[in-house]
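*Asks:* Before I ask anything, let me first share the structure, which is written out below as structure tokens.
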Amino acid sequence: MTILLATLQERRADRYTRSQLTAALAHWQAAYASVWLSVGETTADWLQTWVMQQPHSVRLPVRGAAYARRELVRAALPSVPADATVHLVDFDRLVTWTALAPDELLALGRSTLPPATYEVLGRTPAAWASHPQTWRETEALTNRVASAVLGLAGIDITAGSERFTADLMPLLLTGTAAMNDGEWPRLCQAAGATLRYRACEGLAYRADLNGYGRDETRELVGRIRLAAVITQSLIAD
């Protein structure tokens, strides 16, 4: 079986609609054995309420994406069967995926990984091309380093999604990096786990679902900072 984990931090109350999320949730529940959601405590009130109404949900302080991912893994760990596969994804990516490539998401939810396997989920050329230039320019540098460090040519670690087997969850919780996009595959590979890569159509960009609404200069500065932090997570301290 495959378990879905998604982390949400969204201040904008108008990013999603209730009907949109209700329909998306039905698709997730059809694809995955169970759905776990986390929500940041500064997220819009109605979104917090919606998340906390779900069977498996946790409200978290806002301490960054890496913290939210680790804490959602920690919350789910006692309930995840030992032979399960886990699919972790940023919530905005998940909603976009559901809108643009629902069949691909369904197939992921109904497939599993061999034991001790970590699978980075990145973007197909078309999905990559859908992103703003500022994202592509900065993330290309991070992915270049990732290819060299992890030994996987063409890998894209910056799309906010990965799959891994339940037996790797305790290892992931040992991480301390400011971002885990590079840290987690590095830790798993160092521990002898199998590292795989898959490019996905559904990890495309939609401005209404994934954009920040910043001017180009601020957007570029933000993306440079993020790329630097993710790149650093590829290197052991």
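Ordering of the structure tokens sets the chain letters (A, B, ...); residue numbers start at 1 within each chain; ligands are numbered from 1 in the order shown.
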Applying 10 Å and only C-alpha atoms, which residues near range 100-108 of chain A remain after dropping the ones on its own chain fewer than 3 positions away? List them as an MDAnalysis selection string.
*Replies:* chainID A and resid 2 4 24 27:32 87 94:97 111:112 163 200:206
*Asks:* Can you tell me, as a list of chain:residue names, which residues in range 70-215 of chain A count as strand (DSSP E or B) by DSSP?
*Replies:*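 Written out, the strand (DSSP E or B) residues of range 70-215 of chain A are A:Thr85, A:Val86, A:His87, A:Leu88, A:Val89, A:Asp90, A:Thr117, A:Tyr118, A:Glu119, A:Val120, A:Leu121, A:Gly122, A:Arg123, A:Ser161, A:Glu162, A:Arg163, A:Phe164, A:Thr165, A:Thr194, A:Leu195, A:Arg196, A:Tyr197, A:Arg198, A:Ala199, A:Cys200.
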*Asks:* Which one of A:Val86, A:Leu141, A:Ala236, A:Leu37 sits closest to Ala116 in chain A if you count only C-alpha atoms?
*Replies:*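 Result for the nearest residue to Ala116 in chain A: A:Val86.
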*Asks:* Find the residue from A:Ala129, A:Ala99, A:Val58, A:Val120 that sits nearest to Ala76 in chain A; use only C-alpha atoms when measuring.
*Replies:*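 Looking only at the distances to Ala76 in chain A, the closest residue turns out to be A:Val58.
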*Asks:* Could you check which of A:Gly192, A:Pro132, A:Gly182, A:Pro115 is closest to Val229 in chain A, using only C-alpha atoms?
*Replies:*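 With only C-alpha atoms as the atom set, the closest residue is A:Gly182.
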*Asks:* Of the candidates A:Leu47, A:Ala191, A:Ala26, A:Ala228, which one gets nearest to Asp14 in chain A if we count only C-alpha atoms?
*Replies:*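 Of A:Leu47, A:Ala191, A:Ala26, A:Ala228, the one nearest Asp14 in chain A, counting only C-alpha atoms, is A:Leu47.
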*Asks:* Have a look at A:Pro185, A:Gly211, A:Pro170, A:Gly122 and name the one nearest to Thr158 in chain A; count only C-alpha atoms.
*Replies:* A:Gly122
*Asks:* Have a look at A:Ser130, A:Gln9, A:Thr85, A:Thr117 and name the one nearest to Gln189 in chain A; count only C-alpha atoms.
*Replies:*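 Closest candidate: A:Thr117.
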*Asks:* Interatomic distance between CA of Gln232 in chain A and CA of Thr174 in chain A?
*Replies:*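 Atom-to-atom, CA of Gln232 in chain A to CA of Thr174 in chain A, that is 16.7 Å.
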*Asks:* Identify, on the basis of only C-alpha atoms, every residue whose closest approach to range 51-53 of chain A does not exceed 10 Å; exclude the query and any residue fewer than 4 positions from it along the same chain; express the result as number ranges by chain.
*Replies:* A: 8, 21, 36-39, 46-47, 57-59
*Asks:* Just to confirm, what's the straight-line distance from CA of Glu41 in chain A to CA of Leu168 in chain A in Å (one decimal)?
*Replies:* 27.8 Å
*Asks:* List the neighbours of Arg63 in chain A out to 12 Å using only C-alpha atoms; skip same-chain residues closer than 4 positions along the sequence, and give me the result as a VMD selection string.
*Replies:* chain A and resid 9 39 to 42 67 to 71 178 to 179
*Asks:* Restricting the output to C-alpha atoms, write the selected residues as a PDB file, in the first residue's frame.
*Replies:*
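Listing of out.pdb after writing:
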ATOM      1  CA  GLN A   9       1.360  26.468   4.658  1.00  0.00           C
ATOM      2  CA  VAL A  39      -1.070  22.650   8.278  1.00  0.00           C
ATOM      3  CA  GLY A  40       0.968  25.607   9.487  1.00  0.00           C
ATOM      4  CA  GLU A  41      -0.571  27.619  12.294  1.00  0.00           C
ATOM      5  CA  THR A  42      -0.448  30.865  10.266  1.00  0.00           C
ATOM      6  CA  TYR A  67      10.477  21.035   9.766  1.00  0.00           C
ATOM      7  CA  ALA A  68       6.931  20.478   8.485  1.00  0.00           C
ATOM      8  CA  ARG A  69       7.975  17.495   6.380  1.00  0.00           C
ATOM      9  CA  ARG A  70       9.882  15.861   9.237  1.00  0.00           C
ATOM     10  CA  GLU A  71       7.067  16.414  11.729  1.00  0.00           C
ATOM     11  CA  ALA A 178      17.469  23.556   6.770  1.00  0.00           C
ATOM     12  CA  MET A 179      15.979  21.835   3.699  1.00  0.00           C
TER      13      MET A 179
END
